[in-house]
$ cat run.txt   # compact mmCIF, C-alpha atoms (C1' of nucleotides)
# COMPACT_ATOMS: atom_id res chain seq x y z
CA MET E 1 0.00 0.00 0.00
CA VAL E 2 1.34 3.42 -0.87
CA THR E 3 -0.94 6.35 -0.09
CA ARG E 4 -4.44 4.86 0.10
CA LEU E 5 -7.10 6.16 -2.23
CA SER E 6 -9.02 9.28 -1.27
CA ASP E 7 -12.76 9.37 -1.67
CA ASP E 8 -12.50 11.21 -4.97
CA GLU E 9 -9.87 8.85 -6.29
CA THR E 10 -11.98 5.88 -5.28
CA ASP E 11 -14.97 7.38 -7.06
CA ALA E 12 -12.87 7.80 -10.19
CA VAL E 13 -11.47 4.28 -10.09
CA PHE E 14 -14.79 2.51 -9.63
CA ARG E 15 -16.57 4.75 -12.08
CA ALA E 16 -13.87 4.06 -14.65
CA LEU E 17 -14.28 0.34 -14.16
CA ALA E 18 -18.06 0.56 -14.50
CA ASP E 19 -18.01 0.38 -18.28
CA PRO E 20 -17.39 -2.71 -20.40
CA THR E 21 -15.46 -0.86 -23.10
CA ARG E 22 -13.12 0.62 -20.54
CA ARG E 23 -12.60 -2.74 -18.85
CA ASP E 24 -11.76 -4.18 -22.24
CA ILE E 25 -9.34 -1.38 -23.00
CA LEU E 26 -7.72 -2.03 -19.66
CA ARG E 27 -7.36 -5.74 -20.40
CA ARG E 28 -5.70 -5.01 -23.72
CA ALA E 29 -3.41 -2.45 -22.15
CA ILE E 30 -2.41 -4.92 -19.47
CA ARG E 31 -1.66 -7.67 -21.97
CA GLN E 32 0.35 -5.33 -24.13
CA GLU E 33 1.13 -1.64 -24.08
CA GLN E 34 -0.22 -0.06 -27.24
CA SER E 35 -1.14 3.23 -28.86
CA ILE E 36 -4.56 4.81 -28.58
CA SER E 37 -5.23 4.41 -32.29
CA ALA E 38 -4.27 0.72 -32.09
CA LEU E 39 -6.85 0.39 -29.32
CA ALA E 40 -9.42 2.42 -31.23
CA GLU E 41 -9.28 0.04 -34.20
CA ARG E 42 -10.79 -2.70 -32.05
CA TYR E 43 -14.06 -0.95 -31.33
CA GLU E 44 -17.05 0.08 -33.36
CA MET E 45 -17.20 3.56 -31.95
CA SER E 46 -15.33 6.63 -33.17
CA PHE E 47 -11.72 7.35 -32.35
CA ALA E 48 -12.78 10.29 -30.20
CA ALA E 49 -15.04 8.07 -28.13
CA VAL E 50 -12.23 5.61 -27.44
CA GLN E 51 -9.96 8.50 -26.61
CA LYS E 52 -12.48 9.71 -24.06
CA HIS E 53 -12.58 6.29 -22.46
CA VAL E 54 -8.81 6.29 -22.26
CA ALA E 55 -8.96 9.73 -20.67
CA VAL E 56 -11.37 8.44 -18.02
CA LEU E 57 -9.01 5.57 -17.23
CA GLU E 58 -6.12 7.97 -17.10
CA ARG E 59 -7.86 10.41 -14.76
CA ALA E 60 -8.51 7.45 -12.48
CA ALA E 61 -4.79 6.62 -12.62
CA ILE E 62 -5.63 3.16 -13.88
CA ILE E 63 -3.54 3.68 -16.97
CA GLU E 64 -0.90 6.18 -18.01
CA LYS E 65 0.15 7.51 -21.36
CA GLN E 66 3.67 7.94 -22.60
CA ARG E 67 4.58 9.73 -25.77
CA ARG E 68 6.59 7.75 -28.29
CA GLY E 69 7.13 9.67 -31.48
CA LYS E 70 3.76 10.74 -32.74
CA GLU E 71 2.01 7.98 -30.84
CA GLN E 72 0.79 7.93 -27.28
CA ILE E 73 1.44 4.57 -25.65
CA VAL E 74 -1.07 3.34 -23.07
CA ARG E 75 0.14 1.19 -20.20
CA ALA E 76 -1.70 -0.10 -17.17
CA ARG E 77 -0.90 1.04 -13.64
CA LEU E 78 -1.39 -2.09 -11.64
CA GLU E 79 -0.79 -0.39 -8.28
CA THR E 80 -4.03 1.51 -8.64
CA LEU E 81 -5.93 -1.70 -9.26
CA ALA E 82 -4.21 -3.18 -6.25
CA ARG E 83 -5.42 -0.29 -4.12
CA ALA E 84 -8.96 -0.82 -5.34
CA THR E 85 -8.66 -4.46 -4.37
CA GLU E 86 -7.50 -3.41 -0.91
CA LEU E 87 -10.54 -1.22 -0.62
CA LEU E 88 -12.85 -4.12 -1.34
CA GLY E 89 -10.82 -6.07 1.18
CA GLU E 90 -11.68 -3.48 3.81
CA PHE E 91 -15.35 -4.27 3.39
CA GLU E 92 -14.68 -7.92 3.98
CA ALA E 93 -12.57 -6.98 6.99
CA LEU E 94 -15.53 -5.08 8.41
CA TRP E 95 -17.58 -8.20 8.00
CA ARG E 96 -15.05 -10.31 9.87
CA GLU E 97 -14.93 -7.71 12.65
CA ARG E 98 -18.64 -7.97 12.92
CA THR E 99 -18.76 -11.74 13.20
CA LEU E 100 -16.04 -11.46 15.83
CA ARG E 101 -18.17 -9.08 17.86
CA ILE E 102 -21.11 -11.42 17.55
CA GLU E 103 -19.09 -14.41 18.69
CA GLU E 104 -17.88 -12.45 21.69
CA LEU E 105 -21.44 -11.64 22.64
CA LEU E 106 -22.44 -15.26 22.32
CA ALA E 107 -19.44 -16.40 24.32
CA ASP E 108 -19.96 -13.92 27.18
CA PRO E 109 -23.71 -13.64 27.60
CA ALA E 110 -23.21 -11.52 30.71
CA ASP E 111 -19.82 -12.53 31.94
CA PRO E 112 -16.67 -10.81 30.67
CA ALA E 113 -14.11 -13.40 31.91
CA SER E 114 -15.42 -16.87 31.12
CA GLU E 115 -17.10 -18.56 34.07
CA THR E 116 -19.91 -21.08 34.73
CA THR E 117 -23.15 -20.30 32.88
CA PRO E 118 -23.98 -23.06 30.37
CA THR E 119 -24.02 -20.74 27.36
CA ARG E 120 -25.50 -22.45 24.34
CA PRO E 121 -23.74 -20.84 21.35
CA THR E 122 -26.82 -20.91 19.12
CA GLU E 123 -24.96 -20.30 15.86
CA LYS E 124 -26.72 -17.97 13.50
CA GLY E 125 -26.32 -18.13 9.72
CA HIS E 126 -23.20 -17.11 7.88
CA PRO E 127 -22.89 -16.07 4.19
CA MET W 1 -17.23 -18.25 -6.97
CA VAL W 2 -20.81 -18.94 -7.92
CA THR W 3 -21.95 -17.70 -11.32
CA ARG W 4 -19.45 -15.01 -12.28
CA LEU W 5 -20.69 -11.50 -12.91
CA SER W 6 -22.03 -10.61 -16.35
CA ASP W 7 -20.96 -7.39 -18.00
CA ASP W 8 -24.15 -5.64 -16.92
CA GLU W 9 -23.84 -6.90 -13.36
CA THR W 10 -20.24 -5.76 -13.25
CA ASP W 11 -21.27 -2.33 -14.51
CA ALA W 12 -23.87 -2.12 -11.77
CA VAL W 13 -21.50 -3.22 -9.01
CA PHE W 14 -18.70 -0.83 -9.87
CA ARG W 15 -21.06 2.02 -10.56
CA ALA W 16 -22.73 1.46 -7.21
CA LEU W 17 -19.37 1.56 -5.47
CA ALA W 18 -18.40 4.78 -7.26
CA ASP W 19 -20.15 7.04 -4.75
CA PRO W 20 -18.94 7.88 -1.26
CA THR W 21 -22.42 7.94 0.26
CA ARG W 22 -23.15 4.49 -1.07
CA ARG W 23 -19.83 3.13 0.14
CA ASP W 24 -20.63 4.54 3.56
CA ILE W 25 -24.09 3.02 3.53
CA LEU W 26 -22.50 -0.27 2.64
CA ARG W 27 -20.02 -0.04 5.51
CA ARG W 28 -22.81 0.65 7.97
CA ALA W 29 -24.90 -2.18 6.58
CA ILE W 30 -21.95 -4.56 6.88
CA ARG W 31 -21.25 -3.57 10.47
CA GLN W 32 -24.86 -3.92 11.40
CA GLU W 33 -28.07 -4.64 9.55
CA GLN W 34 -30.40 -1.69 9.91
CA SER W 35 -33.49 -0.04 8.50
CA ILE W 36 -33.43 2.48 5.67
CA SER W 37 -34.65 5.26 7.92
CA ALA W 38 -31.96 4.45 10.48
CA LEU W 39 -29.44 4.83 7.67
CA ALA W 40 -31.09 7.99 6.37
CA GLU W 41 -30.69 9.73 9.74
CA ARG W 42 -26.94 9.68 9.27
CA TYR W 43 -26.85 11.81 6.13
CA GLU W 44 -27.62 15.40 5.29
CA MET W 45 -29.69 14.59 2.25
CA SER W 46 -33.38 13.75 2.14
CA PHE W 47 -34.80 10.36 2.98
CA ALA W 48 -35.75 9.84 -0.65
CA ALA W 49 -32.16 10.43 -1.75
CA VAL W 50 -30.85 7.83 0.68
CA GLN W 51 -33.55 5.47 -0.45
CA LYS W 52 -32.37 5.90 -4.03
CA HIS W 53 -28.81 5.09 -3.02
CA VAL W 54 -30.04 1.96 -1.29
CA ALA W 55 -31.94 1.04 -4.45
CA VAL W 56 -28.77 1.39 -6.51
CA LEU W 57 -26.90 -0.89 -4.12
CA GLU W 58 -29.78 -3.34 -4.21
CA ARG W 59 -29.94 -3.42 -8.02
CA ALA W 60 -26.24 -4.21 -7.97
CA ALA W 61 -26.95 -7.07 -5.56
CA ILE W 62 -24.52 -5.56 -3.08
CA ILE W 63 -27.21 -5.36 -0.43
CA GLU W 64 -30.63 -6.88 0.01
CA LYS W 65 -33.71 -5.69 1.84
CA GLN W 66 -35.89 -7.74 4.10
CA ARG W 67 -39.20 -6.57 5.49
CA ARG W 68 -39.51 -6.63 9.26
CA GLY W 69 -42.80 -5.17 10.37
CA LYS W 70 -43.08 -1.75 8.87
CA GLU W 71 -39.36 -1.46 8.47
CA GLN W 72 -37.15 -2.63 5.63
CA ILE W 73 -33.90 -4.07 6.94
CA VAL W 74 -30.79 -3.62 4.83
CA ARG W 75 -28.09 -6.26 4.91
CA ALA W 76 -24.93 -6.63 2.89
CA ARG W 77 -24.40 -9.43 0.38
CA LEU W 78 -20.75 -10.19 0.76
CA GLU W 79 -20.65 -12.74 -2.08
CA THR W 80 -21.20 -9.97 -4.59
CA LEU W 81 -18.28 -8.01 -3.20
CA ALA W 82 -16.23 -11.18 -3.33
CA ARG W 83 -17.04 -11.56 -7.01
CA ALA W 84 -15.99 -7.99 -7.67
CA THR W 85 -12.72 -8.74 -5.92
CA GLU W 86 -12.26 -11.79 -8.16
CA LEU W 87 -12.79 -9.58 -11.16
CA LEU W 88 -10.04 -7.24 -10.09
CA GLY W 89 -7.94 -10.32 -9.49
CA GLU W 90 -8.40 -11.28 -13.13
CA PHE W 91 -6.70 -8.08 -14.19
CA GLU W 92 -3.75 -8.90 -12.03
CA ALA W 93 -3.74 -12.42 -13.45
CA LEU W 94 -3.51 -10.97 -16.94
CA TRP W 95 -0.52 -9.02 -15.81
CA ARG W 96 1.19 -12.11 -14.46
CA GLU W 97 0.47 -13.94 -17.72
CA ARG W 98 2.11 -11.13 -19.55
CA THR W 99 5.27 -11.10 -17.49
CA LEU W 100 5.40 -14.86 -17.98
CA ARG W 101 5.30 -14.44 -21.76
CA ILE W 102 8.03 -11.85 -21.58
CA GLU W 103 10.25 -14.09 -19.49
CA GLU W 104 9.78 -16.90 -21.98
CA LEU W 105 10.84 -14.63 -24.80
CA LEU W 106 13.92 -13.59 -22.88
CA ALA W 107 14.77 -17.17 -22.02
CA ASP W 108 14.43 -18.44 -25.62
CA PRO W 109 15.91 -15.61 -27.65
CA ALA W 110 15.10 -17.41 -30.94
CA ASP W 111 14.54 -20.99 -30.02
CA PRO W 112 10.95 -22.09 -29.20
CA ALA W 113 11.76 -25.78 -28.57
CA SER W 114 15.39 -26.07 -29.52
CA GLU W 115 14.96 -26.85 -33.21
CA THR W 116 15.79 -25.50 -36.64
CA THR W 117 13.86 -22.75 -38.48
CA PRO W 118 14.89 -19.45 -36.94
CA THR W 119 11.29 -18.29 -36.93
CA ARG W 120 11.19 -14.97 -35.16
CA PRO W 121 7.92 -15.12 -33.17
CA THR W 122 7.14 -11.47 -33.70
CA GLU W 123 4.00 -11.52 -31.53
CA LYS W 124 1.10 -9.67 -33.06
CA GLY W 125 -2.05 -8.71 -31.16
CA HIS W 126 -4.46 -11.06 -29.48
CA PRO W 127 -8.21 -11.59 -30.23
C1' DC K 1 -60.68 4.20 14.12
C1' DT K 2 -57.11 7.50 13.78
C1' DA K 3 -52.59 9.02 13.89
C1' DA K 4 -47.94 8.46 13.08
C1' DC K 5 -44.23 6.03 11.08
C1' DG K 6 -41.47 3.81 7.42
C1' DT K 7 -41.46 3.17 2.81
C1' DA K 8 -42.36 3.63 -2.12
C1' DC K 9 -42.83 6.28 -6.15
C1' DA K 10 -43.67 10.09 -9.41
C1' DA K 11 -42.41 14.53 -11.35
C1' DC K 12 -39.09 17.69 -11.80
C1' DC K 13 -34.31 19.79 -12.26
C1' DA K 14 -29.16 20.45 -12.83
C1' DA K 15 -25.14 18.20 -13.91
C1' DA K 16 -22.51 14.41 -15.65
C1' DT K 17 -21.94 10.59 -19.24
C1' DG K 18 -21.27 8.50 -23.60
C1' DG K 19 -21.61 9.17 -27.93
C1' DT K 20 -21.21 12.03 -32.37
C1' DT K 21 -18.82 15.37 -35.96
C1' DA K 22 -15.58 18.85 -37.05
C1' DC K 23 -11.39 21.20 -36.65
C1' DA K 24 -6.46 22.38 -35.00
C1' DC K 25 -1.83 20.81 -34.02
C1' DG K 26 2.57 18.32 -33.68
C1' DA K 27 5.48 14.84 -35.64
C1' DC K 28 6.98 11.95 -38.98
C1' DT K 29 7.38 10.80 -44.51
C1' DC K 30 8.27 12.04 -48.92
C1' DG O 1 7.33 22.31 -47.95
C1' DA O 2 3.21 19.33 -48.44
C1' DG O 3 0.76 15.65 -46.90
C1' DT O 4 -0.62 12.35 -43.69
C1' DC O 5 -0.98 10.10 -39.31
C1' DG O 6 -2.03 10.13 -34.40
C1' DT O 7 -3.89 13.16 -30.90
C1' DG O 8 -6.33 16.62 -28.57
C1' DT O 9 -10.32 19.44 -28.08
C1' DA O 10 -14.67 21.82 -28.84
C1' DA O 11 -19.59 21.89 -29.74
C1' DC O 12 -23.51 19.37 -29.71
C1' DC O 13 -27.06 15.79 -28.41
C1' DA O 14 -29.65 12.09 -25.77
C1' DT O 15 -29.62 9.62 -21.62
C1' DT O 16 -28.50 8.79 -16.88
C1' DT O 17 -27.54 10.36 -12.30
C1' DG O 18 -28.18 12.51 -7.90
C1' DG O 19 -30.72 15.46 -5.74
C1' DT O 20 -35.29 17.80 -4.57
C1' DT O 21 -40.55 17.92 -3.13
C1' DG O 22 -44.95 15.91 -2.86
C1' DT O 23 -48.10 12.21 -2.51
C1' DA O 24 -49.84 7.54 -1.55
C1' DC O 25 -49.87 3.23 0.95
C1' DG O 26 -49.21 -0.46 4.42
C1' DT O 27 -48.25 -1.24 9.30
C1' DT O 28 -47.98 -0.43 13.99
C1' DA O 29 -49.38 2.40 18.22
C1' DG O 30 -52.88 4.72 20.90

$ encode --input "run.txt" --output "structure tokens"
Amino acid sequence: MVTRLSDDETDAVFRALADPTRRDILRRAIRQEQSISALAERYEMSFAAVQKHVAVLERAAIIEKQRRGKEQIVRARLETLARATELLGEFEALWRERTLRIEELLADPADPASETTPTRPTEKGHP
Amino acid sequence: MVTRLSDDETDAVFRALADPTRRDILRRAIRQEQSISALAERYEMSFAAVQKHVAVLERAAIIEKQRRGKEQIVRARLETLARATELLGEFEALWRERTLRIEELLADPADPASETTPTRPTEKGHP
DNA sequence: CTAACGTACAACCAAATGGTTACACGACTC
DNA sequence: GAGTCGTGTAACCATTTGGTTGTACGTTAG
């Protein structure tokens, strides 16, 4: 983890990923760095439209562009994706925290240091 | 993994996560199931606005509602988040595939299986 | 029964999105 | 220098989004 995504950055990342064309562009860019026009050839839409999608991915720091001659080479920034993954992981961590709390309650029905009391741990459902 | 998210489902999930209010609602719902109005109290905006956010999360299958008396209880669906995490993992898998390919090329400078024919495997694009 | 509560939904509005076409610009090719 | 290729950007349009207010409806409390 480097800096942790701010709210705005997180918005941008998830919004950028919420479009099938952009996810596809990202996949291609991951498999092989390539120019915007090379990417644009693969899609039905206009060059300008593809360029806009690339711009959205770039603003989200999911890809970066690098000039090479007259071309602009698109490459993926995997760290940003990793940070998004971490963020999703935080939700799952919250869930684990919660089940922990619940187990504590079931373990200590009214007794904070484990004593007597035949506590039946009536397990509730889990996902 | 259960069914794997379709393109439309993926759109919905990432779009739903691309809003700070909705992420916050999700966190609260994960920590503790609660009614829509209980959630709505926490935010500046109108009840209807919060209700819309909940609807977006529900359409994305990130949360589900369950009637309890006159209240509608919101609970998180962690499996959907898990599938989103898998999806991000696929991007990283693509990256690993790629580095693998590159290493192979470096290892076999011009020799795919130690045989004749100096065929230069000048990799073109992929489908 | 009536009142209040929690929810749903419609109509409306401003702003953002995803697409288009058209045009300007920089960098190679000839 | 002229032309072309790859990019960037602007203007425009339809649709979606995120918010508002208002209204209706089922359920629980008195």

$ interface_residues --input "run.txt" --of "chain E" --to "chain K" --cutoff "8 Å" --atoms "all atoms listed in the file" --output "PyMOL selection string"
chain E and resi 49+69-70

$ interface_residues --input "run.txt" --of "chain W" --to "chain O" --cutoff "10 Å" --atoms "all atoms listed in the file" --output "VMD selection string"
chain W and resid 45 to 46 48 to 50 52 to 53 69 to 71

$ calpha_fit_rmsd --input "run.txt" --fixed "chain W" --moving "chain E"
4.7 Å

$ interface_residues --input "run.txt" --of "chain W" --to "chain E" --cutoff "8 Å" --atoms "all atoms listed in the file" --output "PyMOL selection string"
chain W and resi 7+10-15+17-20+27+30-32+77-79+81+85+88-89+91-92+94-95+97-98

$ atom_distance --input "run.txt" --atom1 "CA of Leu39 (chain W)" --atom2 "CA of Asp24 (chain W)"
9.7 Å

$ atom_distance --input "run.txt" --atom1 "CA of Gln72 (chain E)" --atom2 "CA of Ser35 (chain E)"
5.3 Å

$ atom_distance --input "run.txt" --atom1 "CA of Val56 (chain E)" --atom2 "CA of Arg59 (chain W)"
24.2 Å

$ axis_aligned_box --input "run.txt" --around "region 30-39 of chain E" --padding-each-side "6 Å" --output "JSON"
{"center_x": -2.9, "center_y": -1.4, "center_z": -25.9, "size_x": 20.0, "size_y": 24.5, "size_z": 24.8}
